[in-house]
Structure formats: structure tokens, C-alpha cells
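This is structure02.txt. It holds compact mmCIF, C-alpha atoms and all ligand atoms.
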```txt
# COMPACT_ATOMS: atom_id res chain seq x y z
CA MET A 1 10.80 8.73 -14.42
CA LYS A 2 13.34 7.09 -16.72
CA LYS A 3 15.19 4.54 -14.55
CA ILE A 4 13.01 3.29 -11.75
CA PHE A 5 14.45 1.30 -8.84
CA ILE A 6 11.85 -0.60 -6.77
CA THR A 7 12.39 -2.23 -3.38
CA GLY A 8 9.94 -4.87 -2.14
CA ALA A 9 9.17 -5.49 -5.81
CA LEU A 10 7.77 -8.98 -5.18
CA GLY A 11 5.38 -7.91 -2.43
CA GLN A 12 1.64 -7.27 -2.56
CA ILE A 13 1.87 -3.90 -4.33
CA GLY A 14 5.38 -4.19 -5.81
CA SER A 15 4.67 -7.30 -7.87
CA GLU A 16 1.89 -5.58 -9.85
CA LEU A 17 3.48 -2.14 -9.85
CA THR A 18 6.70 -3.51 -11.37
CA VAL A 19 4.81 -5.07 -14.29
CA LYS A 20 2.73 -1.94 -14.84
CA LEU A 21 5.75 0.37 -14.81
CA ARG A 22 7.61 -1.95 -17.23
CA ASN A 23 4.67 -1.68 -19.62
CA ILE A 24 4.74 2.12 -19.44
CA TYR A 25 8.45 2.93 -19.15
CA GLY A 26 10.11 -0.11 -20.78
CA ALA A 27 11.15 -3.40 -19.16
CA ASP A 28 14.85 -2.51 -18.92
CA ASN A 29 14.10 0.78 -17.21
CA VAL A 30 12.44 -0.76 -14.17
CA ILE A 31 14.81 -2.50 -11.76
CA ALA A 32 13.00 -4.87 -9.42
CA THR A 33 14.67 -5.71 -6.11
CA ASP A 34 13.59 -7.83 -3.16
CA ILE A 35 15.11 -9.81 -0.29
CA ARG A 36 14.76 -13.00 -2.39
CA LYS A 37 13.88 -13.95 -5.93
CA ASN A 38 10.91 -16.03 -7.06
CA ASP A 39 9.56 -16.99 -10.47
CA SER A 40 6.83 -14.34 -10.70
CA GLU A 41 6.39 -12.06 -13.71
CA ALA A 42 7.85 -9.14 -11.72
CA ALA A 43 11.04 -11.12 -11.06
CA LEU A 44 11.46 -12.47 -14.58
CA SER A 45 10.22 -9.74 -16.94
CA GLY A 46 13.19 -7.39 -16.54
CA PRO A 47 16.25 -6.59 -14.42
CA PHE A 48 16.14 -8.09 -10.91
CA GLU A 49 18.60 -7.82 -7.99
CA VAL A 50 18.53 -9.30 -4.50
CA VAL A 51 18.66 -6.32 -2.13
CA ASP A 52 18.20 -6.30 1.64
CA VAL A 53 16.92 -2.77 2.33
CA THR A 54 18.58 -2.72 5.76
CA ASP A 55 21.97 -3.03 4.03
CA THR A 56 22.84 0.60 3.26
CA LYS A 57 25.88 -0.12 1.14
CA THR A 58 24.25 -2.60 -1.25
CA MET A 59 21.14 -0.48 -1.65
CA ILE A 60 23.09 2.63 -2.66
CA GLU A 61 25.50 0.64 -4.86
CA MET A 62 22.66 -1.06 -6.72
CA ALA A 63 20.76 2.18 -7.30
CA LYS A 64 24.04 3.65 -8.63
CA LYS A 65 24.79 0.64 -10.84
CA TYR A 66 21.53 1.21 -12.74
CA GLN A 67 21.76 5.01 -12.58
CA ALA A 68 18.31 5.22 -11.06
CA ASP A 69 16.50 8.55 -11.32
CA THR A 70 13.49 7.33 -9.30
CA ILE A 71 13.32 5.15 -6.18
CA ILE A 72 10.04 3.49 -5.22
CA HIS A 73 10.45 2.08 -1.74
CA MET A 74 7.86 -0.62 -1.01
CA ALA A 75 9.73 -3.03 1.30
CA ALA A 76 8.00 -3.03 4.71
CA LEU A 77 6.14 -5.18 7.24
CA LEU A 78 2.36 -4.80 7.47
CA SER A 79 0.43 -3.98 10.65
CA ALA A 80 -0.38 -7.34 12.24
CA THR A 81 3.10 -8.79 11.62
CA ALA A 82 4.72 -5.62 12.91
CA GLU A 83 2.69 -5.92 16.12
CA LYS A 84 4.07 -9.42 16.72
CA ASN A 85 7.67 -8.24 16.40
CA PRO A 86 7.86 -4.48 16.98
CA VAL A 87 11.65 -4.21 17.23
CA PHE A 88 12.16 -6.03 13.94
CA ALA A 89 9.41 -3.86 12.40
CA TRP A 90 11.14 -0.67 13.52
CA ASN A 91 14.48 -1.85 12.14
CA LEU A 92 13.06 -2.95 8.79
CA ASN A 93 10.46 -0.23 8.24
CA MET A 94 12.52 2.72 9.46
CA GLY A 95 16.02 1.43 8.63
CA GLY A 96 14.94 0.52 5.11
CA LEU A 97 13.25 3.86 4.56
CA MET A 98 16.26 5.80 5.81
CA ASN A 99 18.56 3.88 3.45
CA ALA A 100 16.22 4.41 0.52
CA LEU A 101 15.99 8.15 1.26
CA GLU A 102 19.78 8.36 1.55
CA ALA A 103 20.14 6.65 -1.83
CA ALA A 104 17.62 9.13 -3.28
CA ARG A 105 19.53 12.06 -1.80
CA GLU A 106 22.91 10.82 -3.09
CA LEU A 107 21.65 10.07 -6.59
CA ASN A 108 19.22 12.99 -6.75
CA CYS A 109 16.26 10.66 -7.35
CA LYS A 110 12.54 11.24 -7.27
CA PHE A 111 11.14 9.20 -4.39
CA PHE A 112 7.92 7.36 -3.50
CA THR A 113 6.97 5.41 -0.39
CA PRO A 114 3.49 4.44 0.82
CA SER A 115 1.94 5.52 4.09
CA SER A 116 -1.36 4.07 5.30
CA ILE A 117 -4.66 4.54 7.12
CA GLY A 118 -2.55 2.95 9.89
CA ALA A 119 -0.95 6.38 10.38
CA PHE A 120 -4.13 7.36 12.24
CA GLY A 121 -5.11 6.30 15.75
CA PRO A 122 -7.98 6.12 18.23
CA THR A 123 -8.00 9.90 18.87
CA THR A 124 -8.25 10.72 15.13
CA PRO A 125 -11.73 11.79 13.94
CA LYS A 126 -13.20 8.50 12.67
CA ASP A 127 -15.52 9.59 9.87
CA ASN A 128 -14.42 11.45 6.77
CA THR A 129 -11.00 11.73 8.46
CA PRO A 130 -9.41 14.99 7.28
CA GLN A 131 -6.12 15.17 5.42
CA ASP A 132 -4.52 17.16 8.24
CA THR A 133 -5.62 15.91 11.65
CA ILE A 134 -4.56 14.20 14.89
CA GLN A 135 -2.16 11.29 14.29
CA ARG A 136 -1.43 9.33 17.45
CA PRO A 137 -1.41 5.70 16.22
CA THR A 138 -1.21 2.91 18.81
CA THR A 139 0.54 0.30 16.59
CA MET A 140 4.22 -0.03 15.71
CA TYR A 141 3.17 0.03 12.04
CA GLY A 142 1.39 3.33 12.61
CA VAL A 143 4.36 4.78 14.48
CA ASN A 144 6.54 3.78 11.51
CA LYS A 145 4.13 5.33 9.01
CA VAL A 146 3.85 8.68 10.81
CA ALA A 147 7.63 8.82 11.28
CA GLY A 148 8.01 7.89 7.61
CA GLU A 149 5.71 10.68 6.44
CA LEU A 150 7.71 13.16 8.51
CA LEU A 151 11.07 11.78 7.41
CA ALA A 152 10.11 12.01 3.74
CA ASP A 153 8.87 15.60 4.30
CA TYR A 154 12.19 16.34 6.00
CA TYR A 155 14.25 15.02 3.07
CA ASN A 156 12.30 17.31 0.79
CA TYR A 157 12.58 20.36 3.05
CA LYS A 158 16.20 19.81 4.11
CA PHE A 159 17.81 18.28 1.00
CA GLY A 160 15.35 19.10 -1.78
CA VAL A 161 14.62 15.42 -2.55
CA ASP A 162 11.39 15.18 -4.60
CA THR A 163 9.59 12.89 -2.15
CA ARG A 164 5.95 11.82 -2.63
CA GLY A 165 3.57 9.40 -0.90
CA LEU A 166 0.02 8.18 -0.38
CA ARG A 167 -1.88 7.00 2.68
CA PHE A 168 -3.27 3.77 1.24
CA PRO A 169 -6.33 2.01 2.62
CA GLY A 170 -6.62 -1.78 2.53
CA LEU A 171 -5.65 -2.92 -0.99
CA ILE A 172 -7.51 -5.75 -2.70
CA SER A 173 -6.13 -7.79 -5.57
CA TYR A 174 -6.30 -11.23 -7.17
CA VAL A 175 -2.58 -11.35 -8.01
CA THR A 176 -0.24 -11.39 -4.99
CA PRO A 177 -1.93 -11.94 -1.62
CA PRO A 178 -1.02 -9.53 1.19
CA GLY A 179 0.82 -10.94 4.20
CA GLY A 180 0.22 -9.91 7.78
CA GLY A 181 -2.12 -6.96 7.36
CA THR A 182 -5.29 -6.11 9.27
CA THR A 183 -7.33 -5.49 6.11
CA ASP A 184 -6.34 -8.87 4.56
CA TYR A 185 -9.77 -10.33 5.37
CA ALA A 186 -11.22 -8.36 2.45
CA VAL A 187 -8.89 -10.28 0.10
CA GLU A 188 -9.20 -13.74 1.71
CA ILE A 189 -12.99 -13.55 1.60
CA TYR A 190 -12.98 -13.66 -2.24
CA TYR A 191 -10.63 -16.69 -2.39
CA GLU A 192 -12.78 -18.55 0.16
CA ALA A 193 -16.01 -17.53 -1.55
CA ILE A 194 -14.81 -19.17 -4.77
CA LYS A 195 -13.25 -22.24 -3.15
CA ASN A 196 -15.65 -23.05 -0.27
CA LYS A 197 -18.60 -20.68 -0.57
CA ARG A 198 -18.01 -19.64 3.03
CA TYR A 199 -15.69 -17.44 5.05
CA THR A 200 -14.94 -17.02 8.74
CA SER A 201 -13.99 -13.41 9.36
CA TYR A 202 -11.43 -12.43 11.98
CA ILE A 203 -12.77 -8.85 11.81
CA ASP A 204 -16.14 -8.27 13.46
CA LYS A 205 -19.32 -7.08 11.73
CA GLY A 206 -19.79 -3.34 12.04
CA THR A 207 -16.06 -2.63 11.64
CA TYR A 208 -15.67 -0.16 8.77
CA MET A 209 -12.33 0.39 7.03
CA ASP A 210 -11.32 2.12 3.81
CA MET A 211 -10.39 -0.09 0.87
CA MET A 212 -9.24 0.24 -2.74
CA TYR A 213 -8.88 -2.12 -5.70
CA MET A 214 -5.28 -2.60 -6.84
CA PRO A 215 -5.68 -1.07 -10.35
CA ASP A 216 -6.77 2.20 -8.72
CA ALA A 217 -3.84 2.07 -6.29
CA LEU A 218 -1.34 1.55 -9.14
CA ASN A 219 -2.84 4.40 -11.17
CA ALA A 220 -2.66 6.64 -8.11
CA ILE A 221 1.08 5.96 -7.72
CA VAL A 222 1.80 6.74 -11.39
CA ASP A 223 -0.43 9.84 -11.38
CA LEU A 224 1.13 11.22 -8.21
CA MET A 225 4.68 10.56 -9.48
CA GLU A 226 3.89 12.29 -12.78
CA ALA A 227 2.10 15.24 -11.12
CA ASP A 228 3.46 18.77 -11.38
CA PRO A 229 5.46 19.20 -8.13
CA SER A 230 4.52 22.87 -7.83
CA LYS A 231 0.90 21.78 -7.21
CA LEU A 232 1.74 19.40 -4.34
CA LYS A 233 1.20 20.78 -0.86
CA HIS A 234 0.91 17.40 0.93
CA ARG A 235 3.81 15.57 -0.64
CA ASN A 236 4.07 12.49 1.51
CA SER A 237 0.72 11.84 3.06
CA PHE A 238 -2.18 12.09 0.62
CA ASN A 239 -5.34 10.37 1.89
CA VAL A 240 -6.66 8.12 -0.91
CA THR A 241 -9.64 5.77 -0.78
CA ALA A 242 -12.26 4.24 -3.05
CA MET A 243 -14.79 2.69 -0.65
CA SER A 244 -15.50 1.90 2.97
CA PHE A 245 -17.37 -1.23 4.09
CA ASP A 246 -17.74 -3.68 6.97
CA PRO A 247 -17.61 -7.51 6.66
CA GLU A 248 -21.42 -7.74 6.32
CA GLU A 249 -21.47 -5.38 3.33
CA ILE A 250 -18.74 -7.19 1.40
CA ALA A 251 -20.47 -10.53 2.17
CA ALA A 252 -23.79 -9.13 0.87
CA GLU A 253 -22.08 -7.99 -2.32
CA ILE A 254 -20.51 -11.44 -2.84
CA ARG A 255 -23.96 -13.04 -2.33
CA LYS A 256 -25.23 -11.16 -5.39
CA HIS A 257 -22.92 -13.45 -7.41
CA ILE A 258 -22.77 -16.52 -5.12
CA PRO A 259 -26.15 -16.69 -3.33
CA GLU A 260 -25.13 -19.67 -1.14
CA PHE A 261 -22.16 -17.74 0.30
CA GLU A 262 -22.10 -18.01 4.11
CA MET A 263 -20.30 -15.72 6.51
CA SER A 264 -19.37 -16.52 10.09
CA TYR A 265 -17.16 -14.80 12.65
CA SER A 266 -14.23 -15.77 14.84
CA VAL A 267 -12.82 -12.43 15.87
CA ASP A 268 -9.07 -12.17 16.36
CA PRO A 269 -8.64 -9.72 19.28
CA ALA A 270 -5.21 -8.51 18.09
CA ARG A 271 -6.32 -7.55 14.59
CA GLN A 272 -9.71 -6.30 15.79
CA GLN A 273 -7.95 -3.92 18.17
CA ILE A 274 -5.85 -2.55 15.30
CA ALA A 275 -8.94 -2.14 13.08
CA ASP A 276 -10.83 -0.37 15.87
CA SER A 277 -8.03 2.19 16.17
CA TRP A 278 -8.23 3.13 12.46
CA PRO A 279 -10.71 5.46 10.74
CA ASN A 280 -14.06 4.27 9.34
CA SER A 281 -13.55 6.37 6.22
CA ILE A 282 -11.04 9.00 5.15
CA ASP A 283 -11.39 12.17 3.08
CA ALA A 284 -9.40 12.23 -0.17
CA THR A 285 -10.20 15.82 -1.19
CA ALA A 286 -6.58 17.02 -1.06
CA ALA A 287 -5.47 14.25 -3.46
CA LYS A 288 -8.33 15.12 -5.83
CA GLU A 289 -7.55 18.82 -5.76
CA GLU A 290 -3.74 18.73 -5.85
CA TRP A 291 -3.16 16.07 -8.52
CA GLY A 292 -6.53 14.83 -9.75
CA PHE A 293 -6.87 11.53 -7.85
CA LYS A 294 -9.79 9.42 -9.03
CA ALA A 295 -10.85 5.81 -8.26
CA GLU A 296 -12.68 3.74 -10.89
CA TYR A 297 -13.79 0.81 -8.72
CA ASP A 298 -16.45 0.80 -6.03
CA LEU A 299 -17.44 -2.31 -4.03
CA ALA A 300 -19.84 -3.61 -6.69
CA LYS A 301 -17.44 -3.20 -9.63
CA MET A 302 -14.49 -4.59 -7.68
CA THR A 303 -16.44 -7.63 -6.44
CA LYS A 304 -17.58 -8.51 -9.95
CA ASP A 305 -14.03 -8.27 -11.27
CA MET A 306 -12.39 -10.14 -8.35
CA LEU A 307 -14.84 -13.05 -8.64
CA GLU A 308 -14.46 -13.23 -12.42
CA LYS A 309 -10.65 -13.14 -12.30
CA LEU A 310 -10.33 -15.60 -9.41
CA SER A 311 -12.78 -18.07 -10.97
CA LYS A 312 -10.37 -18.50 -13.86
N1 LIG B 401 -3.30 -3.08 4.54
C1 LIG B 401 -2.50 -2.56 5.62
C2 LIG B 401 -2.57 -3.41 6.82
O1 LIG B 401 -3.64 -3.94 7.06
C3 LIG B 401 -2.94 -1.18 5.98
O2 LIG B 401 -2.10 -0.26 5.44
O3 LIG B 401 -1.63 -3.54 7.53
```
Would you encode the structure as C-alpha cells?
Amino acid sequence: MKKIFITGALGQIGSELTVKLRNIYGADNVIATDIRKNDSEAALSGPFEVVDVTDTKTMIEMAKKYQADTIIHMAALLSATAEKNPVFAWNLNMGGLMNALEAARELNCKFFTPSSIGAFGPTTPKDNTPQDTIQRPTTMYGVNKVAGELLADYYNYKFGVDTRGLRFPGLISYVTPPGGGTTDYAVEIYYEAIKNKRYTSYIDKGTYMDMMYMPDALNAIVDLMEADPSKLKHRNSFNVTAMSFDPEEIAAEIRKHIPEFEMSYSVDPARQQIADSWPNSIDATAAKEEWGFKAEYDLAKMTKDMLEKLSK
């Protein structure tokens, strides 16, 4: 990776990934793009362009202008937002991906885009979900993610594009908050714990989902992109995870640092339904074996770090 072009660079993952890649590969070699600019570090610490990923012409022109050799396509709607506006979600998530893949094909770029635990559905085995298994998601987000995994495989098989991807679990970070995801509760809970010492969860107790701390997610992207391609059998759909917990377990962990912390519940049926259709915990063996995936943070280590960082 020498000239890296990122879409959705100001989003939940993109904003931290952009800064990390600039530190590794040089600020001028990482081109951040998003639908609008803001005054975040990702927007100001190197080249930035306004790019609407549904606009094929601009996307390809911009990637050409900077002679990108790598495209990291992050622009997408998350699960709960996509469920509110499925047609818009299809157009953005699939249209954007198609344009990014076309740009990668034309410029012969390496390519990354994230998939998700949302690519699984109610008929998927729920515990220790295998790498290769039933994928019949019941959300528009999940439909987009499965189609995206297949499309990225197709661009590799048909056109030889070096496509790669990860099925991320819920990602937790103290930098840029997520917007419109089902797993967002596990981020909000830390902000509320610091501010108000209480949190009302829209996800019910007993609902287990996979999660990962952002530093592990960023390392996983870099490690996968730098991995020897001859070792990759599952290019676009590696299960990765660091922990699985329900709201009660994360609350109990927070109480070790803030004993007065109180948890209550007001379940949101829409997001609960999405969560219930996803696995409890997924198996990341293929990622470990094919490119050495490893997560540093478990629930205890992440909670300590989140509370320390957010308290500042
Ligand atoms: N964090 C995402 C969501 O909840 C899952 O990939 O939509």
C-alpha cells in the first residue's frame, strides 16, 4: 500500500483508520474522502476530497488524480438506519461498493471493504458461528453485506482485483461515535456511565453479540491488507471477534470501576429484532490461521481503557 484512497473517511471506523494509516504510510499518501468535510483530525491531517460514493465519475476521477494503488471503501449505512430506509440503503451500500470496485478494477488497486456479523441471519448456527455457514440475513444491511462479500469475491475471480474484507462485530471506541447501528448500545453505555452513572439499554439482557475494541479492528485491517495473498482462502469474509457479552455483563464490568452505575431497560423492538437475528458469538479460526489475526483487548481491558480515555 503506497497511495491509499479511503471513502467514508470521517465515519466511525474511517476517522481512526485514516489517522493510523497516515502514521504508518505518510500523511500525503492517505487520501481521505467523505460526503462532507468536518474539522476532525482525519479531515485536516492530510489530503481530503469531498466524494459522493454513488457518483461513479467523481469517484474514479479522484482515485485517478491521486494515483491510488489501494482503495479502502468504508462509506455505508449501518443496520438500524438501513432498516428505516431500505431503498436508500441498497442504493448507497451497493451502488457505492460497485463504484469503488470499478475504480479498483480500472486502476488495478488493492481493495478492502468491511462485512459484518450482520451478514448472518436467524437460520445461521448461533454459537461459535463457523466461517463458512448458512447466510440468510433478514435485514437490508445483511442483504447488502452478503451481496458485498460475493461481489468482492467476484471481482477477484473475474478481474483479478486483490479484494479483501473482514466480518466485523460491534466496534467500540471513544473517538467517533457510531451512527445507526444495532451494537451502538455498547458504546453509549460508557458515555452515559461517565456522565450520569446510569444507562437505559435498548437491547435486552441476555442478548449476546460479538464486539471488538477499535484498536484491534484497525490492526486487523492493516494486517489483512499486508498479508501474503497466496495464504488467503477467504478473501472477503473473515470472521473476526474479540469478545461476546450481553448488556448485564458489560454493566457488571463498568461497576468494577463505577460501583454506583445503574442499568435499566427500555427495549427497542426494531433493534432487538435485528440483534436476535445475529449470532451470539462467531468463530475466528480462519482469520487466525490464514493471516495471524489476534485481538489484544477483552471486555475487562477495553472497559478500563474506555473509562480512562472518556474521563479525560
Ligand atoms: N455495528 C454494526 C451495526 O450494528 C454491525 O456491523 O449495524
For chain A against ligand LIG 401 (chain B), with a cut-off of 10 Å and counting all atoms listed in the file, what is the closest atom pair and its distance in Å to one decimal for every residue that makes the cut, ordered by chain and number, as CSV?
```
residue,atom,partner,partner_atom,distance
A:Gln12,CA,B:LIG401,N1,9.6
A:Leu77,CA,B:LIG401,O3,7.9
A:Leu78,CA,B:LIG401,O3,4.2
A:Ser79,CA,B:LIG401,O3,3.8
A:Ala80,CA,B:LIG401,O3,6.2
A:Thr81,CA,B:LIG401,O3,8.2
A:Ala82,CA,B:LIG401,O3,8.6
A:Glu83,CA,B:LIG401,O3,9.9
A:Pro114,CA,B:LIG401,O2,8.6
A:Ser115,CA,B:LIG401,O2,7.2
A:Ser116,CA,B:LIG401,O2,4.4
A:Ile117,CA,B:LIG401,O2,5.7
A:Gly118,CA,B:LIG401,O2,5.5
A:Ala119,CA,B:LIG401,O2,8.4
A:Tyr141,CA,B:LIG401,O3,7.5
A:Gly142,CA,B:LIG401,O2,8.7
A:Lys145,CA,B:LIG401,O2,9.1
A:Arg167,CA,B:LIG401,O2,7.8
A:Phe168,CA,B:LIG401,O2,5.9
A:Pro169,CA,B:LIG401,O2,5.6
A:Gly170,CA,B:LIG401,N1,4.1
A:Leu171,CA,B:LIG401,N1,6.0
A:Ile172,CA,B:LIG401,N1,8.8
A:Pro178,CA,B:LIG401,N1,7.6
A:Gly179,CA,B:LIG401,O3,8.5
A:Gly180,CA,B:LIG401,O3,6.6
A:Gly181,CA,B:LIG401,O1,3.4
A:Thr182,CA,B:LIG401,O1,3.5
A:Thr183,CA,B:LIG401,O1,4.1
A:Asp184,CA,B:LIG401,O1,6.2
A:Tyr185,CA,B:LIG401,O1,9.0
A:Ala186,CA,B:LIG401,N1,9.7
A:Met209,CA,B:LIG401,C3,9.6
A:Asp210,CA,B:LIG401,C3,9.3
A:Met211,CA,B:LIG401,N1,8.5
A:Met212,CA,B:LIG401,N1,10.0
A:Arg271,CA,B:LIG401,O1,8.8
A:Ile274,CA,B:LIG401,O1,8.6
A:Ala275,CA,B:LIG401,O1,8.2
A:Trp278,CA,B:LIG401,C3,9.4
```
Task: CA of Ser230 (chain A) to CA of Met214 (chain A), distance in Å rounded to a single decimal - done: 27.3 Å
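What separates CA of Phe88 (chain A) from CA of Gln273 (chain A) is a distance of 20.7 Å.
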Open item on the list: List as a ChimeraX atom specification the protein and nucleic acid residues near Ala252 (chain A), meaning an atom at most 12 Å away when all atoms listed in the file are counted, but skip any in the same chain fewer than 3 places from it.
Closed with: /A:189,193,205,245-249,255-263,299-300,303
Go ahead and save the picked residues with C-alpha atoms, as a PDB file, in the frame of the given file.
```
ATOM      1  CA  ILE A 189     -12.990 -13.550   1.600  1.00  0.00           C
ATOM      2  CA  ALA A 193     -16.010 -17.530  -1.550  1.00  0.00           C
ATOM      3  CA  LYS A 205     -19.320  -7.080  11.730  1.00  0.00           C
ATOM      4  CA  PHE A 245     -17.370  -1.230   4.090  1.00  0.00           C
ATOM      5  CA  ASP A 246     -17.740  -3.680   6.970  1.00  0.00           C
ATOM      6  CA  PRO A 247     -17.610  -7.510   6.660  1.00  0.00           C
ATOM      7  CA  GLU A 248     -21.420  -7.740   6.320  1.00  0.00           C
ATOM      8  CA  GLU A 249     -21.470  -5.380   3.330  1.00  0.00           C
ATOM      9  CA  ARG A 255     -23.960 -13.040  -2.330  1.00  0.00           C
ATOM     10  CA  LYS A 256     -25.230 -11.160  -5.390  1.00  0.00           C
ATOM     11  CA  HIS A 257     -22.920 -13.450  -7.410  1.00  0.00           C
ATOM     12  CA  ILE A 258     -22.770 -16.520  -5.120  1.00  0.00           C
ATOM     13  CA  PRO A 259     -26.150 -16.690  -3.330  1.00  0.00           C
ATOM     14  CA  GLU A 260     -25.130 -19.670  -1.140  1.00  0.00           C
ATOM     15  CA  PHE A 261     -22.160 -17.740   0.300  1.00  0.00           C
ATOM     16  CA  GLU A 262     -22.100 -18.010   4.110  1.00  0.00           C
ATOM     17  CA  MET A 263     -20.300 -15.720   6.510  1.00  0.00           C
ATOM     18  CA  LEU A 299     -17.440  -2.310  -4.030  1.00  0.00           C
ATOM     19  CA  ALA A 300     -19.840  -3.610  -6.690  1.00  0.00           C
ATOM     20  CA  THR A 303     -16.440  -7.630  -6.440  1.00  0.00           C
TER      21      THR A 303
END
```
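Of the residues under consideration (A:Glu49, A:Asp34, A:Leu218, A:Ala103), A:Leu218 shows the shortest atom-to-atom contact distance to Val19 (chain A) when counting all atoms listed in the file.
Around the point (-10.8, 7.0, 7.3), within 6 Å and counting all atoms listed in the file, we find these residues: A:Asp127, A:Asn128, A:Thr129, A:Pro279, A:Asn280, A:Ser281, A:Ile282.
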- [ ] Report the distance between CA of Gly26 (chain A) and CA of Lys3 (chain A) in Å, rounded to one decimal place.
- [x]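 Value for the CA of Gly26 (chain A)-CA of Lys3 (chain A) distance: 9.3 Å.
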Task: From A:Leu307, A:Gly165, A:Ser237, A:Lys65, residue lying nearest Asp132 (chain A) [all atoms listed in the file] - done: A:Ser237
Can you tell me, as AutoDock Vina command-line options, the centre and edge lengths (Å, one decimal) of the axis-aligned box enclosing all of region 74-88 of chain A's listed atoms after padding each side by 4 Å?
```
--center_x 5.9 --center_y -5.0 --center_z 8.1 --size_x 20.5 --size_y 16.8 --size_z 26.2
```
Hey, what's within 7 Å of Cys109 (chain A) if we count all atoms listed in the file and toss same-chain stuff fewer than 5 positions away? As an mmCIF file with C-alpha atoms, in the coordinates of the input, please?
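This went into result.cif:
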```cif
data_model
loop_
_atom_site.group_PDB
_atom_site.id
_atom_site.type_symbol
_atom_site.label_atom_id
_atom_site.label_comp_id
_atom_site.auth_asym_id
_atom_site.auth_seq_id
_atom_site.Cartn_x
_atom_site.Cartn_y
_atom_site.Cartn_z
ATOM 1 C CA ALA A 68 18.310 5.220 -11.060
ATOM 2 C CA ASP A 69 16.500 8.550 -11.320
ATOM 3 C CA THR A 70 13.490 7.330 -9.300
ATOM 4 C CA ILE A 71 13.320 5.150 -6.180
ATOM 5 C CA ALA A 104 17.620 9.130 -3.280
ATOM 6 C CA VAL A 161 14.620 15.420 -2.550
#
```
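Shortest atom-to-atom contact with Glu188 (chain A) among A:Asn236, A:Thr200, A:Asn156, A:Gln135: A:Thr200, counting all atoms listed in the file.
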- [ ] Within 10 Å of Ala284 (chain A), counting all atoms listed in the file, which residues show up once you throw out same-chain ones fewer than 3 positions away? Write them as a list in words, please.
- [x]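 Answer for this query is Asn128, Thr129, Pro130, Gln131, Arg167, Phe238, Asn239, Val240, Thr241, Ala242, Ser281, Ala287, Lys288, Glu289, Phe293 and Lys294 of chain A.
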Open item on the list: List the spatial neighbours of Leu310 (chain A) as a ChimeraX atom specification - criterion: any atom at most 8 Å away, all atoms listed in the file, same-chain residues fewer than 5 positions off excluded.
Closed with: /A:174,190-191,194
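Among A:Asp283, A:Glu253, A:Asp276, A:Asp268, the residue with the shortest atom-to-atom distance to Gly206 (chain A), counting all atoms listed in the file, is A:Asp276.
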Task: Best match for closeness to Phe5 (chain A) among A:His73, A:Arg22, A:Lys37, A:Lys301, counting all atoms listed in the file - done: A:His73
- [ ] Could you check which of A:Asn23, A:Lys197, A:Tyr213, A:Pro137 is closest to Lys304 (chain A), using all atoms listed in the file?
- [x] A:Tyr213
Subset file as a short mmCIF file (atom, residue, chain, number, x, y, z; two decimals), in the first residue's frame: region 254-267 of chain A, N, CA, C and O atoms:
```cif
data_model
loop_
_atom_site.label_atom_id
_atom_site.label_comp_id
_atom_site.auth_asym_id
_atom_site.auth_seq_id
_atom_site.Cartn_x
_atom_site.Cartn_y
_atom_site.Cartn_z
N ILE A 254 -18.46 -2.43 34.11
CA ILE A 254 -18.39 -0.99 34.39
C ILE A 254 -18.48 -0.74 35.90
O ILE A 254 -17.78 0.12 36.45
N ARG A 255 -19.31 -1.54 36.58
CA ARG A 255 -19.48 -1.39 38.04
C ARG A 255 -18.18 -1.65 38.82
O ARG A 255 -18.02 -1.15 39.93
N LYS A 256 -17.26 -2.39 38.23
CA LYS A 256 -15.97 -2.60 38.90
C LYS A 256 -15.21 -1.28 39.02
O LYS A 256 -14.34 -1.12 39.87
N HIS A 257 -15.51 -0.33 38.13
CA HIS A 257 -14.85 0.99 38.17
C HIS A 257 -15.77 2.07 38.73
O HIS A 257 -15.31 3.02 39.34
N ILE A 258 -17.08 1.94 38.46
CA ILE A 258 -18.07 2.92 38.93
C ILE A 258 -19.15 2.13 39.68
O ILE A 258 -20.17 1.75 39.10
N PRO A 259 -18.95 1.87 40.97
CA PRO A 259 -19.85 0.97 41.70
C PRO A 259 -21.30 1.44 41.72
O PRO A 259 -22.21 0.62 41.80
N GLU A 260 -21.54 2.76 41.63
CA GLU A 260 -22.94 3.26 41.67
C GLU A 260 -23.65 3.09 40.34
O GLU A 260 -24.84 3.41 40.24
N PHE A 261 -22.97 2.64 39.32
CA PHE A 261 -23.56 2.56 37.97
C PHE A 261 -24.85 1.74 37.98
O PHE A 261 -24.89 0.62 38.48
N GLU A 262 -25.92 2.34 37.41
CA GLU A 262 -27.22 1.66 37.37
C GLU A 262 -27.64 1.39 35.94
O GLU A 262 -27.51 2.26 35.08
N MET A 263 -28.20 0.22 35.73
CA MET A 263 -28.64 -0.18 34.39
C MET A 263 -30.14 -0.40 34.42
O MET A 263 -30.66 -1.04 35.34
N SER A 264 -30.84 0.16 33.43
CA SER A 264 -32.26 -0.18 33.28
C SER A 264 -32.52 -0.49 31.81
O SER A 264 -31.63 -0.31 30.97
N TYR A 265 -33.72 -0.93 31.51
CA TYR A 265 -34.02 -1.39 30.15
C TYR A 265 -35.27 -0.73 29.60
O TYR A 265 -36.27 -0.58 30.29
N SER A 266 -35.19 -0.30 28.33
CA SER A 266 -36.37 0.10 27.57
C SER A 266 -36.10 -0.42 26.16
O SER A 266 -35.46 0.23 25.34
N VAL A 267 -36.54 -1.65 25.95
CA VAL A 267 -36.13 -2.37 24.73
C VAL A 267 -36.78 -1.76 23.49
O VAL A 267 -37.99 -1.48 23.47
#
```
